[in-house]
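my_file_38.tsv (TSV, C-alpha atoms)
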chain	number	residue	atom	x	y	z
V	45	MET	CA	-49.88	-94.64	-7.96
V	46	PHE	CA	-49.28	-96.10	-11.43
V	47	GLU	CA	-47.24	-93.79	-13.66
V	48	ASP	CA	-49.95	-93.06	-16.25
V	49	THR	CA	-48.02	-90.72	-18.55
V	50	TYR	CA	-45.28	-91.29	-21.12
V	51	LYS	CA	-43.28	-89.14	-23.52
V	52	THR	CA	-43.08	-89.56	-27.28
V	53	ILE	CA	-42.53	-87.39	-30.37
V	54	THR	CA	-45.25	-85.98	-32.62
V	55	THR	CA	-43.62	-85.92	-36.07
V	56	LEU	CA	-40.48	-86.91	-37.96
V	57	SER	CA	-37.37	-84.91	-37.05
V	58	GLU	CA	-33.90	-85.09	-38.58
V	59	GLY	CA	-30.29	-84.44	-37.63
V	60	LEU	CA	-26.84	-84.54	-39.22
V	61	PHE	CA	-23.31	-85.15	-37.91
V	62	LYS	CA	-20.08	-85.18	-39.93
V	63	ASP	CA	-16.68	-86.59	-38.98
V	64	ARG	CA	-13.63	-86.98	-41.23
V	65	GLY	CA	-15.68	-87.21	-44.41
V	66	SER	CA	-18.34	-89.58	-43.08
V	67	ARG	CA	-21.91	-88.27	-42.93
V	68	PHE	CA	-24.35	-89.54	-40.32
V	69	MET	CA	-27.94	-88.61	-41.18
V	70	SER	CA	-30.41	-89.24	-38.37
V	71	PHE	CA	-34.18	-89.67	-38.42
V	72	ALA	CA	-36.42	-89.77	-35.32
V	73	ILE	CA	-39.83	-91.21	-36.20
V	74	PRO	CA	-42.98	-91.72	-34.08
V	75	VAL	CA	-44.13	-95.38	-34.24
V	76	GLU	CA	-46.55	-97.61	-32.34
V	77	THR	CA	-45.93	-101.13	-33.70
V	78	GLU	CA	-43.02	-103.28	-34.86
V	79	GLU	CA	-44.70	-103.42	-38.30
V	80	GLU	CA	-44.36	-99.62	-38.54
V	81	VAL	CA	-40.71	-99.90	-37.45
V	82	LYS	CA	-39.97	-102.42	-40.23
V	83	LYS	CA	-41.73	-100.28	-42.84
V	84	HIS	CA	-39.83	-97.09	-41.94
V	85	ILE	CA	-36.47	-98.92	-41.93
V	86	ALA	CA	-37.27	-100.49	-45.33
V	87	ASP	CA	-38.26	-97.07	-46.72
V	88	LEU	CA	-35.01	-95.48	-45.50
V	89	ARG	CA	-32.93	-98.37	-46.89
V	90	LYS	CA	-34.61	-97.83	-50.26
V	91	LYS	CA	-34.20	-94.05	-50.20
V	92	HIS	CA	-30.55	-94.23	-49.05
V	93	HIS	CA	-29.64	-97.45	-50.88
V	94	ASP	CA	-26.11	-96.18	-51.55
V	95	ALA	CA	-25.31	-95.68	-47.82
V	96	CYS	CA	-22.99	-98.12	-45.98
V	97	HIS	CA	-25.05	-98.63	-42.82
V	98	HIS	CA	-28.60	-98.07	-41.58
V	99	CYS	CA	-28.26	-98.43	-37.80
V	100	TYR	CA	-31.23	-98.00	-35.50
V	101	ALA	CA	-32.87	-98.36	-32.12
V	102	TYR	CA	-36.49	-98.28	-31.07
V	103	GLN	CA	-38.66	-98.44	-27.97
V	104	LEU	CA	-42.38	-99.23	-27.92
V	105	GLY	CA	-45.28	-99.28	-25.46
V	106	TYR	CA	-46.29	-96.94	-22.64
V	107	ASP	CA	-44.41	-99.34	-20.34
V	108	LYS	CA	-41.37	-99.41	-22.72
V	109	SER	CA	-41.71	-103.20	-22.91
V	110	ALA	CA	-40.42	-103.64	-26.48
V	111	TYR	CA	-37.06	-102.30	-27.58
V	112	ARG	CA	-34.15	-103.18	-29.84
V	113	ALA	CA	-30.82	-101.79	-31.00
V	114	ASN	CA	-29.14	-102.80	-34.29
V	115	ASP	CA	-25.56	-102.07	-35.44
V	116	ASP	CA	-26.21	-103.08	-39.09
V	117	GLY	CA	-22.65	-104.24	-39.73
V	118	GLU	CA	-20.80	-101.67	-37.63
V	119	PRO	CA	-18.57	-103.10	-34.83
V	120	SER	CA	-20.74	-104.51	-32.02
V	121	GLY	CA	-22.05	-101.89	-29.60
V	122	THR	CA	-20.81	-98.86	-31.59
V	123	ALA	CA	-24.08	-97.80	-33.24
V	124	GLY	CA	-27.39	-99.25	-32.01
V	125	LYS	CA	-26.49	-98.96	-28.33
V	126	PRO	CA	-25.44	-95.26	-28.43
V	127	ILE	CA	-28.62	-94.47	-30.42
V	128	PHE	CA	-30.73	-96.34	-27.85
V	129	GLY	CA	-28.92	-94.48	-25.07
V	130	GLN	CA	-30.18	-91.18	-26.48
V	131	ILE	CA	-33.78	-92.47	-26.58
V	132	GLN	CA	-33.42	-93.48	-22.92
V	133	SER	CA	-31.80	-90.20	-21.88
V	134	LYS	CA	-34.88	-88.34	-23.19
V	135	ASP	CA	-37.16	-90.97	-21.56
V	136	LEU	CA	-39.03	-91.54	-24.84
V	137	THR	CA	-41.15	-94.41	-26.12
V	138	ASN	CA	-43.11	-95.22	-29.30
V	139	ILE	CA	-40.09	-93.97	-31.20
V	140	LEU	CA	-37.64	-95.21	-33.83
V	141	VAL	CA	-34.29	-93.52	-34.46
V	142	VAL	CA	-32.36	-94.51	-37.60
V	143	VAL	CA	-28.87	-93.21	-38.39
V	144	VAL	CA	-27.77	-93.60	-42.01
V	145	ARG	CA	-24.01	-93.52	-42.59
V	146	TYR	CA	-22.23	-92.52	-45.77
V	147	PHE	CA	-18.58	-93.59	-45.41
V	148	GLY	CA	-16.00	-90.88	-46.01
V	149	GLY	CA	-12.93	-93.07	-46.52
V	150	THR	CA	-11.39	-92.69	-43.06
V	151	LEU	CA	-11.95	-95.25	-40.27
V	152	LEU	CA	-13.18	-93.55	-37.11
V	153	GLY	CA	-12.32	-96.29	-34.59
V	154	VAL	CA	-14.63	-97.58	-31.86
V	155	SER	CA	-14.77	-94.37	-29.80
V	156	GLY	CA	-15.21	-92.26	-32.94
V	157	LEU	CA	-18.14	-94.40	-34.10
V	158	ILE	CA	-19.83	-94.36	-30.69
V	159	ASN	CA	-19.54	-90.57	-30.59
V	160	ALA	CA	-20.81	-90.18	-34.16
V	161	TYR	CA	-23.93	-92.35	-33.73
V	162	LYS	CA	-24.67	-90.86	-30.31
V	163	THR	CA	-24.33	-87.27	-31.56
V	164	ALA	CA	-26.34	-87.89	-34.75
V	165	ALA	CA	-29.19	-89.44	-32.71
V	166	LYS	CA	-29.02	-86.55	-30.24
V	167	GLU	CA	-29.26	-84.01	-33.09
V	168	ALA	CA	-32.50	-85.57	-34.37
V	169	LEU	CA	-34.01	-85.74	-30.86
V	170	GLU	CA	-32.98	-82.18	-29.97
V	171	SER	CA	-35.13	-80.86	-32.84
V	172	ALA	CA	-38.07	-83.21	-32.14
V	173	ASN	CA	-41.39	-82.02	-30.77
V	174	ILE	CA	-41.81	-84.03	-27.54
V	175	LEU	CA	-45.31	-84.67	-26.22
V	176	THR	CA	-46.47	-86.13	-22.89
V	177	LYS	CA	-49.40	-88.52	-23.34
V	178	THR	CA	-51.57	-90.31	-20.79
V	179	VAL	CA	-52.08	-94.07	-20.52
V	180	ASN	CA	-55.81	-94.66	-20.85
V	181	ASP	CA	-58.25	-97.50	-20.23
V	182	VAL	CA	-61.03	-97.96	-22.78
V	183	TYR	CA	-64.38	-99.31	-21.54
V	184	GLU	CA	-67.70	-100.17	-23.11
V	185	ILE	CA	-70.91	-99.64	-21.14
V	186	THR	CA	-74.44	-100.72	-22.01
V	187	PHE	CA	-77.39	-99.39	-20.04
V	188	ASP	CA	-81.11	-98.68	-20.12
V	189	TYR	CA	-82.13	-95.33	-21.64
V	190	LEU	CA	-83.63	-94.38	-18.26
V	191	GLY	CA	-80.12	-94.37	-16.75
V	192	MET	CA	-78.88	-91.78	-19.26
V	193	ASN	CA	-78.76	-88.81	-16.85
V	194	ASP	CA	-76.72	-90.73	-14.25
V	195	VAL	CA	-74.27	-91.95	-16.89
V	196	MET	CA	-73.82	-88.55	-18.55
V	197	LYS	CA	-73.20	-86.88	-15.16
V	198	ILE	CA	-70.33	-89.33	-14.45
V	199	ILE	CA	-68.94	-88.78	-17.95
V	200	LYS	CA	-69.03	-85.00	-17.40
V	201	ASP	CA	-67.64	-85.12	-13.84
V	202	TYR	CA	-64.62	-87.22	-14.87
V	203	LYS	CA	-64.20	-85.53	-18.29
V	204	LEU	CA	-64.33	-88.92	-20.02
V	205	GLU	CA	-63.63	-89.03	-23.75
V	206	ILE	CA	-66.50	-90.65	-25.67
V	207	LEU	CA	-65.18	-92.76	-28.56
V	208	LYS	CA	-68.47	-94.27	-29.73
V	209	GLN	CA	-72.13	-93.94	-28.76
V	210	GLU	CA	-75.46	-95.50	-29.71
V	211	PHE	CA	-78.64	-94.21	-28.08
V	212	GLU	CA	-81.62	-96.52	-28.44
V	213	LEU	CA	-83.74	-98.42	-25.88
V	214	THR	CA	-80.49	-100.01	-24.78
V	215	CYS	CA	-77.67	-97.48	-25.01
V	216	LEU	CA	-73.98	-98.15	-25.67
V	217	ILE	CA	-71.04	-95.86	-24.97
V	218	GLU	CA	-67.36	-96.60	-25.51
V	219	PHE	CA	-65.15	-94.21	-23.56
V	220	SER	CA	-61.57	-93.60	-22.54
V	221	THR	CA	-60.32	-92.61	-19.07
V	222	ARG	CA	-56.89	-91.96	-17.57
V	223	LYS	CA	-55.47	-95.08	-15.96
V	224	ASN	CA	-55.22	-93.44	-12.55
V	225	ASP	CA	-58.93	-92.47	-12.61
V	226	SER	CA	-60.02	-95.87	-13.90
V	227	ASN	CA	-61.01	-97.52	-10.60
V	228	MET	CA	-63.05	-94.53	-9.40
V	229	VAL	CA	-64.89	-94.29	-12.72
V	230	TYR	CA	-65.55	-98.05	-12.70
V	231	ASP	CA	-66.97	-97.89	-9.15
V	232	LYS	CA	-69.24	-94.94	-9.95
V	233	LEU	CA	-70.62	-96.55	-13.12
V	234	SER	CA	-71.11	-99.91	-11.40
V	235	LYS	CA	-73.66	-98.23	-9.11
V	236	VAL	CA	-75.89	-97.22	-12.04
V	237	LYS	CA	-78.89	-99.55	-12.19
V	238	GLU	CA	-78.94	-102.15	-15.02
V	239	LEU	CA	-75.55	-100.97	-16.34
V	240	LYS	CA	-72.99	-103.44	-17.71
V	241	ILE	CA	-69.35	-102.42	-18.01
V	242	LYS	CA	-66.57	-104.13	-19.97
V	243	HIS	CA	-62.85	-103.28	-20.17
V	244	LEU	CA	-61.74	-103.31	-23.83
V	245	ARG	CA	-58.09	-102.24	-23.99
V	246	ILE	CA	-55.30	-99.97	-22.77
V	247	VAL	CA	-54.13	-97.19	-25.11

Representation of the structure as structure tokens:
Amino acid sequence: MFEDTYKTITTLSEGLFKDRGSRFMSFAIPVETEEEVKKHIADLRKKHHDACHHCYAYQLGYDKSAYRANDDGEPSGTAGKPIFGQIQSKDLTNILVVVVRYFGGTLLGVSGLINAYKTAAKEALESANILTKTVNDVYEITFDYLGMNDVMKIIKDYKLEILKQEFELTCLIEFSTRKNDSNMVYDKLSKVKELKIKHLRIV
């Protein structure tokens, strides 16, 4: 069975960690594309332009296929990696965590930095609202109006979400189904006379 669920956060959440004068402000943000990631980082850089570092990590896709960690000038492996570790420990995706550091005048050393970025990221994630979402296939079907009852019964039986519909002589429905139900739904619809089915995307 394909794992057809993933966990993400619903809204922005924040955290704060202080050590020897340095302040580490953390922001956990729901994102779906790298363009969104870039925009949020640019916005935070602008808002906290007087901070020393804007370190971050993100993970994207239901299959967690895109990810990155950035130290933004801190010693290699002391910022982005600990932030990313917190994302992984919560098993989250479609998320960006940025930790903004205001330097307090005292060097924290490698272990101090790792602890600070890890704890700041953890603080933001601890207060986040975590949601489990399903991986869905989106299909488009076209069929003769006479097949309407058969189609609507399948839609009702499998609790399919209708995204778009046009009912004329030839009808069109765009719907979403959980990945793990996809093959069964496809087989059932394929048996409806004069029906054409097309896979559009995964969401």

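Protein and nucleic acid residues near (-63.4, -97.1, -28.7) are Val182, Leu207, Lys208, Glu218 and Phe219 of chain V, the criterion being any atom at most 7 Å away using all atoms listed in the file.
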
Checklist entry - Could you state the separation of atom CA of Arg89 of chain V and atom CA of Tyr50 of chain V in Å, given to one decimal place? => result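 Value for the atom CA of Arg89 of chain V-atom CA of Tyr50 of chain V distance: 29.4 Å.
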
Checklist entry - Within 10 Å of Lys237 of chain V, counting only C-alpha atoms, which residues qualify if same-chain residues fewer than 2 places away don't, as a ChimeraX atom specification? => result /V:187-188,190-191,194,233-235,239-240

Checklist entry - Near Ser226 of chain V, within 10 Å and counting all atoms listed in the file, which residues show up once chain neighbours fewer than 5 positions away are dropped, as a PyMOL selection string? => result chain V and resi 180-183+202+220-221+231

Checklist entry - Quick one: of V:Ala164, V:Val144, V:Val154, V:Leu136, who's nearest to Asp107 of chain V, counting all atoms listed in the file? => result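 Under the stated criterion, the closest residue is V:Leu136.
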
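Taking atom CA of Ser57 of chain V as the reference point, atom CA of Val143 of chain V is found at 12.0 Å.
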
Checklist outcome for this item: Correct to one decimal, the distance atom CA of Asp116 of chain V-atom CA of Tyr100 of chain V is 8.0 Å

Next on the checklist: List as a count of residues only the protein and nucleic acid residues near Phe68 of chain V, meaning an atom at most 6 Å away when only C-alpha atoms are counted, but skip any in the same chain fewer than 2 places from it.
Outcome noted: 4

Item to check | Option closest in space to Leu56 of chain V, from V:Asp225, V:Asp201, V:Glu170, V:Glu238 [counting all atoms listed in the file] | outcome: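 With all atoms listed in the file as the atom set, the closest residue is V:Glu170.
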
Next on the checklist: Residues within 8 Å of Ile131 of chain V, please, as a PyMOL selection string. Count all atoms listed in the file; anything in the same chain fewer than 6 positions from it doesn't count.
Outcome noted: chain V and resi 102-103+137+139+141+169
